[in-house]
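Structure file run38.txt (compact mmCIF, C-alpha atoms) is printed below.
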# COMPACT_ATOMS: atom_id res chain seq x y z
CA MET A 1 -33.17 -14.73 -44.98
CA ILE A 2 -30.32 -14.41 -42.47
CA GLN A 3 -31.59 -10.99 -41.36
CA ARG A 4 -35.06 -12.46 -40.68
CA ILE A 5 -33.55 -15.27 -38.60
CA LEU A 6 -31.50 -12.78 -36.55
CA LEU A 7 -34.57 -10.62 -36.02
CA LEU A 8 -36.57 -13.65 -34.83
CA ILE A 9 -33.80 -14.66 -32.40
CA THR A 10 -33.70 -11.09 -31.03
CA ILE A 11 -37.49 -11.08 -30.47
CA LEU A 12 -37.36 -14.45 -28.70
CA LEU A 13 -34.55 -13.25 -26.44
CA LEU A 14 -36.50 -10.12 -25.54
CA LEU A 15 -39.59 -12.15 -24.74
CA SER A 16 -37.66 -14.65 -22.64
CA SER A 17 -36.05 -11.85 -20.60
CA SER A 18 -39.26 -9.92 -19.91
CA PRO A 19 -40.51 -9.55 -16.32
CA LYS A 20 -43.38 -11.94 -17.06
CA ALA A 21 -40.88 -14.78 -17.45
CA LEU A 22 -39.44 -14.32 -13.94
CA ALA A 23 -40.40 -16.94 -11.37
CA GLN A 24 -40.56 -15.29 -7.96
CA ALA A 25 -39.58 -17.10 -4.78
CA ASN A 26 -42.28 -18.09 -2.30
CA ASN A 27 -40.64 -15.84 0.29
CA GLY A 28 -39.25 -13.05 -1.84
CA GLY A 29 -38.62 -10.53 0.96
CA LYS A 30 -40.51 -7.34 1.75
CA TRP A 31 -40.11 -3.68 0.92
CA LYS A 32 -40.80 -0.92 3.48
CA PHE A 33 -41.00 2.75 2.62
CA LEU A 34 -38.88 4.63 5.19
CA ARG A 35 -39.23 8.28 4.21
CA ARG A 36 -40.52 10.10 1.17
CA SER A 37 -37.65 12.60 1.16
CA ILE A 38 -34.41 13.04 3.07
CA GLY A 39 -33.78 16.31 1.25
CA ILE A 40 -30.85 15.08 -0.85
CA SER A 41 -30.14 12.25 -3.27
CA ALA A 42 -28.30 9.47 -1.44
CA MET A 43 -25.49 9.09 -3.96
CA HIS A 44 -23.01 8.16 -1.23
CA VAL A 45 -23.86 6.46 2.06
CA ALA A 46 -21.93 5.27 5.11
CA LEU A 47 -22.97 3.35 8.24
CA LEU A 48 -21.86 4.70 11.63
CA PRO A 49 -21.31 2.71 14.86
CA SER A 50 -24.37 4.52 16.26
CA GLY A 51 -26.51 2.65 13.74
CA ARG A 52 -27.22 5.88 11.87
CA HIS A 53 -26.42 6.44 8.23
CA VAL A 54 -24.69 9.40 6.63
CA ALA A 55 -25.55 10.32 3.06
CA PHE A 56 -24.31 13.05 0.73
CA ASP A 57 -24.83 14.01 -2.88
CA ARG A 58 -22.95 16.83 -4.66
CA THR A 59 -22.68 20.57 -4.16
CA ASP A 60 -22.53 21.75 -7.76
CA PHE A 61 -25.99 21.06 -9.17
CA GLY A 62 -28.14 23.51 -7.27
CA MET A 63 -30.14 23.69 -4.06
CA SER A 64 -31.23 20.56 -2.27
CA ASN A 65 -34.60 20.18 -0.52
CA ILE A 66 -33.29 20.56 3.03
CA SER A 67 -31.93 23.75 4.58
CA LEU A 68 -28.83 24.13 6.70
CA PRO A 69 -29.59 25.04 10.33
CA ALA A 70 -29.10 28.43 12.02
CA GLY A 71 -28.83 30.37 8.80
CA ARG A 72 -25.60 28.67 7.73
CA CYS A 73 -24.67 28.96 4.07
CA ARG A 74 -21.89 27.83 1.76
CA ASP A 75 -20.16 30.38 -0.46
CA ASP A 76 -18.20 29.09 -3.43
CA LYS A 77 -17.04 31.51 -6.11
CA THR A 78 -16.06 28.64 -8.40
CA ASP A 79 -19.51 27.00 -8.38
CA LYS A 80 -21.04 27.47 -11.83
CA VAL A 81 -24.60 26.75 -10.66
CA LEU A 82 -25.06 28.30 -7.21
CA ARG A 83 -22.36 30.39 -5.54
CA HIS A 84 -24.38 31.12 -2.40
CA ASP A 85 -26.11 27.98 -1.11
CA CYS A 86 -27.96 27.69 2.21
CA THR A 87 -29.09 24.10 1.68
CA ALA A 88 -27.47 20.90 2.92
CA HIS A 89 -25.80 18.34 0.69
CA SER A 90 -25.16 15.82 3.45
CA ILE A 91 -27.49 14.38 6.09
CA GLU A 92 -27.54 11.96 9.00
CA PHE A 93 -30.45 9.49 8.98
CA ASP A 94 -31.64 7.62 12.08
CA PRO A 95 -33.58 4.48 11.01
CA LEU A 96 -35.09 4.08 14.51
CA ASN A 97 -37.19 7.24 14.33
CA ARG A 98 -36.53 8.12 10.66
CA ALA A 99 -35.19 11.50 11.70
CA VAL A 100 -32.97 13.49 9.35
CA ARG A 101 -30.28 15.91 10.51
CA PRO A 102 -28.69 18.23 7.91
CA LEU A 103 -24.88 18.33 7.77
CA MET A 104 -22.64 20.84 6.04
CA VAL A 105 -20.03 20.01 3.46
CA ARG A 106 -18.17 22.96 1.99
CA THR A 107 -16.61 21.26 -1.03
CA ASP A 108 -17.96 19.02 -3.77
CA THR A 109 -18.23 15.35 -2.72
CA TRP A 110 -19.39 14.03 -6.10
CA CYS A 111 -17.90 10.59 -6.90
CA SER A 112 -15.86 10.53 -3.68
CA SER A 113 -14.83 7.75 -1.30
CA GLY A 114 -14.72 7.11 2.42
CA ALA A 115 -14.06 4.68 5.24
CA LEU A 116 -14.74 4.30 8.95
CA LEU A 117 -11.62 4.71 11.09
CA PRO A 118 -10.92 2.45 14.10
CA ASN A 119 -12.05 5.18 16.53
CA GLY A 120 -15.44 5.54 14.82
CA THR A 121 -14.59 8.67 12.83
CA LEU A 122 -15.92 8.69 9.28
CA MET A 123 -13.14 9.78 6.94
CA GLN A 124 -14.28 10.88 3.49
CA THR A 125 -11.92 11.78 0.68
CA GLY A 126 -11.90 13.44 -2.70
CA GLY A 127 -14.72 14.47 -4.97
CA PHE A 128 -15.04 16.79 -7.93
CA GLY A 129 -13.78 20.29 -8.66
CA ASP A 130 -12.85 22.06 -5.43
CA GLY A 131 -13.35 18.80 -3.52
CA GLU A 132 -10.97 16.52 -5.38
CA ARG A 133 -8.07 17.00 -2.92
CA VAL A 134 -10.05 17.40 0.28
CA VAL A 135 -10.19 15.06 3.29
CA ARG A 136 -13.33 15.34 5.45
CA TYR A 137 -13.94 14.00 8.97
CA LEU A 138 -17.16 13.35 10.86
CA LEU A 139 -16.36 12.62 14.51
CA PRO A 140 -18.43 10.01 16.44
CA CYS A 141 -20.11 12.50 18.77
CA GLU A 142 -23.69 13.67 19.18
CA GLY A 143 -24.43 16.70 17.04
CA CYS A 144 -21.03 16.76 15.33
CA ASP A 145 -20.67 18.08 11.80
CA TRP A 146 -18.15 17.69 8.99
CA SER A 147 -14.67 19.22 9.28
CA GLU A 148 -12.59 19.56 6.14
CA ASP A 149 -8.85 19.48 5.55
CA PRO A 150 -7.85 20.77 2.13
CA ASN A 151 -4.59 19.34 0.88
CA ASP A 152 -1.77 21.47 -0.44
CA GLU A 153 -2.99 23.17 -3.60
CA SER A 154 0.51 23.23 -5.06
CA PRO A 155 2.22 19.97 -4.12
CA GLU A 156 5.69 19.38 -5.47
CA TRP A 157 7.55 16.19 -6.28
CA ILE A 158 11.10 15.85 -5.02
CA ILE A 159 13.00 14.26 -7.88
CA GLU A 160 16.43 12.69 -7.69
CA GLN A 161 18.53 11.70 -10.66
CA MET A 162 19.64 8.09 -10.84
CA PRO A 163 23.15 7.54 -12.21
CA ILE A 164 21.73 5.11 -14.81
CA GLY A 165 18.45 5.40 -16.70
CA ARG A 166 16.30 2.29 -16.29
CA VAL A 167 12.88 0.90 -17.19
CA MET A 168 11.39 -2.43 -16.03
CA GLY A 169 13.61 -2.32 -12.94
CA ASP A 170 12.89 -4.16 -9.71
CA MET A 171 13.15 -2.32 -6.38
CA VAL A 172 13.96 -4.51 -3.39
CA LEU A 173 13.71 -3.20 0.17
CA LEU A 174 16.76 -4.46 2.05
CA PRO A 175 16.61 -5.57 5.71
CA THR A 176 18.76 -2.63 6.85
CA GLY A 177 15.56 -0.58 6.91
CA GLN A 178 17.20 2.25 4.96
CA ASP A 179 18.42 0.85 1.65
CA VAL A 180 16.69 0.02 -1.64
CA LEU A 181 18.30 -2.11 -4.33
CA ILE A 182 17.35 -1.14 -7.90
CA ILE A 183 18.13 -3.99 -10.24
CA ASN A 184 17.30 -5.57 -13.65
CA GLY A 185 15.75 -3.79 -16.63
CA VAL A 186 16.87 -1.90 -19.71
CA SER A 187 17.85 1.67 -20.53
CA ARG A 188 15.76 2.00 -23.70
CA GLY A 189 12.32 0.83 -24.77
CA SER A 190 9.49 -0.37 -22.59
CA ALA A 191 7.86 -3.44 -21.10
CA GLY A 192 6.32 -5.86 -23.57
CA TRP A 193 7.39 -8.47 -26.04
CA THR A 194 10.83 -7.64 -27.56
CA MET A 195 10.40 -3.90 -26.84
CA GLY A 196 13.40 -3.37 -24.52
CA ARG A 197 16.94 -2.53 -25.56
CA GLU A 198 20.33 -2.02 -23.87
CA PRO A 199 20.12 -4.08 -20.68
CA VAL A 200 21.26 -2.37 -17.48
CA LEU A 201 23.64 -4.82 -15.84
CA ASN A 202 24.66 -2.72 -12.82
CA PRO A 203 22.41 -2.68 -9.77
CA ILE A 204 22.05 0.59 -7.90
CA LEU A 205 22.01 0.89 -4.10
CA TYR A 206 19.80 3.79 -3.00
CA LYS A 207 20.34 5.04 0.56
CA ILE A 208 17.09 6.46 1.89
CA VAL A 209 18.49 8.19 5.00
CA SER A 210 21.82 9.34 3.63
CA GLU A 211 20.64 12.96 3.47
CA GLU A 212 19.99 12.99 7.21
CA ARG A 213 23.45 11.54 7.77
CA ASN A 214 25.02 13.96 5.29
CA GLU A 215 26.22 11.00 3.27
CA ASN A 216 27.06 11.40 -0.38
CA PRO A 217 26.25 10.00 -2.83
CA ARG A 218 22.73 8.66 -2.15
CA PHE A 219 23.13 6.31 -5.13
CA GLU A 220 25.94 3.79 -5.37
CA VAL A 221 26.62 1.80 -8.54
CA MET A 222 27.14 -1.89 -7.77
CA ASN A 223 29.12 -4.49 -9.71
CA PRO A 224 27.46 -5.73 -12.93
CA THR A 225 26.01 -9.11 -13.76
CA LYS A 226 26.81 -10.85 -17.03
CA ILE A 227 23.23 -11.92 -17.71
CA PRO A 228 20.68 -9.47 -19.17
CA ARG A 229 17.46 -9.45 -17.18
CA VAL A 230 14.86 -7.75 -19.34
CA TYR A 231 11.11 -8.26 -19.67
CA HIS A 232 9.67 -10.93 -17.31
CA SER A 233 12.63 -10.88 -14.93
CA SER A 234 12.36 -10.79 -11.15
CA ALA A 235 14.28 -10.00 -7.96
CA GLN A 236 13.46 -10.98 -4.39
CA LEU A 237 15.05 -10.74 -0.95
CA MET A 238 16.36 -14.02 0.45
CA VAL A 239 16.39 -15.07 4.10
CA ASP A 240 20.18 -14.70 4.26
CA GLY A 241 20.01 -11.07 3.08
CA ARG A 242 21.09 -11.68 -0.51
CA VAL A 243 18.81 -10.93 -3.47
CA LEU A 244 17.57 -13.73 -5.71
CA VAL A 245 17.54 -12.72 -9.40
CA GLY A 246 15.95 -14.75 -12.19
CA GLY A 247 13.78 -14.80 -15.25
CA SER A 248 13.92 -12.70 -18.44
CA ASN A 249 11.89 -13.74 -21.43
CA PRO A 250 10.76 -11.01 -23.84
CA ASN A 251 9.71 -13.67 -26.34
CA VAL A 252 6.21 -15.07 -26.81
CA PHE A 253 7.53 -18.63 -26.52
CA TYR A 254 10.62 -20.32 -25.12
CA GLU A 255 13.34 -19.08 -27.47
CA PHE A 256 16.99 -19.99 -26.88
CA SER A 257 18.60 -18.95 -30.18
CA ASN A 258 18.23 -16.55 -33.08
CA VAL A 259 16.63 -13.86 -30.91
CA LEU A 260 18.04 -10.68 -29.36
CA PHE A 261 17.46 -11.81 -25.77
CA PRO A 262 17.02 -15.58 -25.36
CA THR A 263 14.75 -17.07 -22.72
CA GLU A 264 16.73 -17.15 -19.48
CA LEU A 265 16.34 -20.15 -17.16
CA SER A 266 19.13 -19.35 -14.71
CA LEU A 267 19.00 -17.99 -11.16
CA GLU A 268 21.58 -15.68 -9.60
CA ALA A 269 22.09 -14.25 -6.12
CA PHE A 270 23.33 -10.70 -5.69
CA SER A 271 25.17 -10.01 -2.45
CA PRO A 272 24.90 -6.38 -1.26
CA PRO A 273 28.08 -4.95 0.31
CA TYR A 274 26.96 -5.88 3.82
CA VAL A 275 27.26 -9.60 3.06
CA GLY A 276 31.06 -9.38 3.19
CA GLU A 277 31.09 -7.55 6.54
CA HIS A 278 31.21 -8.99 10.06
CA ARG A 279 27.54 -9.78 10.42
CA PRO A 280 25.66 -10.23 13.68
CA LYS A 281 24.29 -13.73 14.14
CA ILE A 282 20.91 -14.38 15.73
CA ALA A 283 21.18 -17.14 18.34
CA ARG A 284 17.57 -17.19 19.45
CA VAL A 285 14.26 -15.40 19.08
CA SER A 286 12.20 -15.90 22.23
CA THR A 287 8.71 -16.50 20.89
CA ASN A 288 5.87 -18.89 21.57
CA ASP A 289 6.84 -21.62 19.12
CA GLY A 290 7.76 -19.01 16.52
CA LYS A 291 4.57 -17.00 17.01
CA ILE A 292 4.22 -13.43 18.26
CA ARG A 293 1.19 -11.22 18.82
CA TYR A 294 0.58 -7.56 18.14
CA GLY A 295 2.19 -5.17 20.62
CA GLU A 296 3.93 -8.05 22.37
CA LYS A 297 7.40 -7.77 23.86
CA PHE A 298 9.87 -10.46 22.79
CA SER A 299 13.62 -10.93 22.96
CA VAL A 300 16.24 -11.43 20.27
CA GLN A 301 19.61 -12.86 21.29
CA PHE A 302 22.52 -12.35 18.93
CA ASN A 303 26.30 -12.65 18.82
CA THR A 304 28.76 -10.14 17.43
CA LYS A 305 32.54 -10.13 17.43
CA THR A 306 32.78 -6.36 17.68
CA GLU A 307 33.99 -5.11 21.05
CA GLU A 308 31.52 -2.25 21.24
CA LEU A 309 27.97 -1.96 19.97
CA LYS A 310 27.25 0.85 17.57
CA GLU A 311 23.85 1.64 16.07
CA ILE A 312 21.62 -1.39 16.63
CA LYS A 313 18.06 -2.21 15.60
CA VAL A 314 15.72 -5.07 14.76
CA THR A 315 13.74 -5.14 11.52
CA MET A 316 10.88 -7.33 10.30
CA VAL A 317 10.58 -7.98 6.58
CA ALA A 318 7.53 -9.45 4.86
CA PRO A 319 8.07 -12.08 2.14
CA THR A 320 6.94 -10.95 -1.29
CA PHE A 321 5.30 -12.24 -4.45
CA THR A 322 7.27 -10.64 -7.27
CA THR A 323 6.48 -10.24 -10.95
CA HIS A 324 6.54 -7.55 -13.65
CA SER A 325 8.70 -5.14 -11.61
CA PHE A 326 6.23 -5.21 -8.72
CA SER A 327 6.69 -6.83 -5.31
CA MET A 328 3.36 -7.49 -3.65
CA SER A 329 3.25 -7.33 0.17
CA GLN A 330 6.72 -5.77 0.31
CA ARG A 331 7.33 -3.96 3.60
CA VAL A 332 10.09 -3.43 6.17
CA LEU A 333 9.32 -2.51 9.78
CA VAL A 334 11.82 -1.15 12.31
CA LEU A 335 10.77 -2.39 15.75
CA SER A 336 10.70 -0.35 18.93
CA VAL A 337 13.56 -1.32 21.28
CA LYS A 338 13.01 -1.44 25.04
CA SER A 339 16.46 -2.51 26.21
CA VAL A 340 19.80 -4.04 25.18
CA ARG A 341 21.79 -6.25 27.58
CA LYS A 342 25.32 -7.61 27.21
CA GLY A 343 26.18 -11.14 28.25
CA VAL A 344 28.97 -12.07 30.66
CA GLY A 345 31.60 -14.79 30.89
CA PHE A 346 31.22 -17.44 28.21
CA PHE A 347 28.44 -15.35 26.63
CA LYS A 348 30.35 -12.06 26.57
CA GLU A 349 29.88 -11.80 22.81
CA ARG A 350 26.11 -12.30 23.13
CA TYR A 351 23.59 -9.52 23.48
CA THR A 352 19.87 -9.62 24.24
CA MET A 353 17.48 -7.04 22.81
CA ASP A 354 13.94 -6.64 24.12
CA VAL A 355 11.72 -5.30 21.34
CA PHE A 356 8.03 -4.81 20.67
CA SER A 357 6.19 -6.39 17.77
CA PRO A 358 4.08 -4.13 15.48
CA ALA A 359 1.12 -2.58 17.27
CA SER A 360 -1.62 -3.62 14.84
CA ALA A 361 -2.53 -5.02 11.45
CA ASP A 362 -2.66 -1.45 10.14
CA VAL A 363 1.11 -1.52 9.72
CA ALA A 364 1.73 -5.27 9.53
CA PRO A 365 -0.95 -7.71 8.34
CA PRO A 366 -0.94 -11.12 10.06
CA GLY A 367 1.40 -13.66 8.56
CA TYR A 368 5.04 -14.72 8.31
CA TYR A 369 7.93 -12.27 8.61
CA MET A 370 11.71 -12.46 8.68
CA VAL A 371 13.40 -10.90 11.73
CA PHE A 372 16.86 -9.33 11.27
CA VAL A 373 19.29 -7.77 13.71
CA VAL A 374 21.01 -4.79 12.08
CA HIS A 375 24.28 -3.64 13.66
CA ASP A 376 26.04 -0.61 12.17
CA ASP A 377 23.98 -0.99 8.96
CA VAL A 378 24.93 -4.67 8.60
CA PRO A 379 22.03 -7.16 8.92
CA SER A 380 22.15 -10.69 10.23
CA ARG A 381 20.55 -13.60 8.46
CA GLY A 382 16.81 -13.64 8.97
CA LYS A 383 14.76 -15.79 11.37
CA TRP A 384 11.13 -16.61 10.63
CA VAL A 385 8.33 -15.60 12.96
CA GLN A 386 4.57 -15.69 12.54
CA LEU A 387 2.63 -12.57 13.52
CA GLN A 388 -0.84 -13.35 14.85
CA PRO A 389 -3.81 -11.27 16.09
Could you spell out this file's structure in structure tokens?
Amino acid sequence: MIQRILLLITILLLLSSSPKALAQANNGGKWKFLRRSIGISAMHVALLPSGRHVAFDRTDFGMSNISLPAGRCRDDKTDKVLRHDCTAHSIEFDPLNRAVRPLMVRTDTWCSSGALLPNGTLMQTGGFGDGERVVRYLLPCEGCDWSEDPNDESPEWIIEQMPIGRVMGDMVLLPTGQDVLIINGVSRGSAGWTMGREPVLNPILYKIVSEERNENPRFEVMNPTKIPRVYHSSAQLMVDGRVLVGGSNPNVFYEFSNVLFPTELSLEAFSPPYVGEHRPKIARVSTNDGKIRYGEKFSVQFNTKTEELKEIKVTMVAPTFTTHSFSMSQRVLVLSVKSVRKGVGFFKERYTMDVFSPASADVAPPGYYMVFVVHDDVPSRGKWVQLQP
């Protein structure tokens, strides 16, 4: 009986979803047949600023129905279907006159990706087989064809050994523009409910540029906390240059007793070594009501008690959203410096730096940033600015 009822429901659902049940709109649009064949299957398409479209299929399933011009052919010893191919697997289509121009790709573009660059160049990446590590470019010029840039066939990772093993750690970019703080986590287990063991209480300071400066070691072990920060902990840069640390709850619910790692409600602040140094102090950031635009020159005035300036720079740091060992929107930018001027008289301890804001949204999306003056690797407290198009 139940089987008959299920069968009846299935039949009714099929009938209700048939094309006959569709109610078409009064103005349902129109179809227009543009061309019976463009010679290839338009598996991938891109729109160019010229109004033309570029399409490509794949190179490893035989000849297409459009030949390459001037007797050009593609030779691929690894192709299992056609090692010598004189047909095109990419075309340019002009919708104004419906003309098709064959283009030549040398490597397999199957299941690849692409994007239009700001200068109008079509950049196309990846694919299958011999094309998986290839970057292709189609310049915005009349009659241009694909150029291909194969990546290194034998890339190598450069691996450094941390002084302490760690999983579920947070990595915080510091405003110095050259240091990363590695903090929180455990030395055994993994992320997930109650799956971590042996909390790592010591943060690690990783110096990115120490190799160029011939500094050793690149890793420095910092003083430990007393509070385990395991699964569901977080760490985030503060405006004053310290690092806010909180969270830790590997339990399904709030659990404060009779568990290995109780739910932690406290907040801590870790002060990197630069906090105890003589820090520069920003007196003023000359902006338009706290707003700056891309590529704009602005001034930062700061005080320092040191008699002579050493290495000096200005950094911009984006605020983050941090969770699960991942800091979204995290970035540090070192700004281009035009000039540095020293004050006189009453302002002899004040300096003025003229710097340029980031050139475009490619490196710094619009939004709020913290500006820091960094003198001899010691950052000031941050000042907020808003970057606008």
If we count all atoms listed in the file, what is near region 319-323 of chain A at a cut-off of 10 Å, once residues fewer than 4 positions away on the same chain are taken out, given as a compact mmCIF listing (two decimals) with C-alpha atoms, in the coordinates of the input?
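Final file, out_11.txt:
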# COMPACT_ATOMS: atom_id res chain seq x y z
CA ASP A 170 12.89 -4.16 -9.71
CA VAL A 172 13.96 -4.51 -3.39
CA HIS A 232 9.67 -10.93 -17.31
CA SER A 233 12.63 -10.88 -14.93
CA SER A 234 12.36 -10.79 -11.15
CA ALA A 235 14.28 -10.00 -7.96
CA GLN A 236 13.46 -10.98 -4.39
CA LEU A 237 15.05 -10.74 -0.95
CA MET A 238 16.36 -14.02 0.45
CA VAL A 239 16.39 -15.07 4.10
CA GLY A 247 13.78 -14.80 -15.25
CA SER A 327 6.69 -6.83 -5.31
CA MET A 328 3.36 -7.49 -3.65
CA SER A 329 3.25 -7.33 0.17
CA GLN A 330 6.72 -5.77 0.31
CA ARG A 331 7.33 -3.96 3.60
CA VAL A 332 10.09 -3.43 6.17
CA GLY A 367 1.40 -13.66 8.56
CA TYR A 368 5.04 -14.72 8.31
CA TYR A 369 7.93 -12.27 8.61
CA MET A 370 11.71 -12.46 8.68
All file atoms of region 180-197 of chain A boxed axis-aligned, 6 Å per side, centre plus edges, as AutoDock Vina command-line options:
--center_x 12.3 --center_y -3.2 --center_z -14.6 --size_x 24.0 --size_y 22.5 --size_z 37.9
Exercise for the section: Determine, counting all atoms listed in the file, which protein, DNA and RNA residues have an atom within 12 Å of an atom of Tyr294 (chain A); residues of the same chain fewer than 4 positions away are not included. Present the result as a ChimeraX atom specification. Expected result: /A:298,335,355-367,386-389
Convert the current residue selection to file output with C-alpha atoms, as a short mmCIF file (atom, residue, chain, number, x, y, z; two decimals), in the coordinates of the input.
data_model
loop_
_atom_site.label_atom_id
_atom_site.label_comp_id
_atom_site.auth_asym_id
_atom_site.auth_seq_id
_atom_site.Cartn_x
_atom_site.Cartn_y
_atom_site.Cartn_z
CA PHE A 298 9.87 -10.46 22.79
CA LEU A 335 10.77 -2.39 15.75
CA VAL A 355 11.72 -5.30 21.34
CA PHE A 356 8.03 -4.81 20.67
CA SER A 357 6.19 -6.39 17.77
CA PRO A 358 4.08 -4.13 15.48
CA ALA A 359 1.12 -2.58 17.27
CA SER A 360 -1.62 -3.62 14.84
CA ALA A 361 -2.53 -5.02 11.45
CA ASP A 362 -2.66 -1.45 10.14
CA VAL A 363 1.11 -1.52 9.72
CA ALA A 364 1.73 -5.27 9.53
CA PRO A 365 -0.95 -7.71 8.34
CA PRO A 366 -0.94 -11.12 10.06
CA GLY A 367 1.40 -13.66 8.56
CA GLN A 386 4.57 -15.69 12.54
CA LEU A 387 2.63 -12.57 13.52
CA GLN A 388 -0.84 -13.35 14.85
CA PRO A 389 -3.81 -11.27 16.09
#
Exercise for the section: Enter the distance from CA of Ser187 (chain A) to CA of Leu260 (chain A), in Å, rounded to one decimal. Expected result: 15.2 Å
Exercise for the section: Counting only C-alpha atoms, figure out which residue out of A:Asp75, A:Gly39, A:Phe346, A:Ala70 gets nearest to Ser90 (chain A). Expected result: A:Gly39
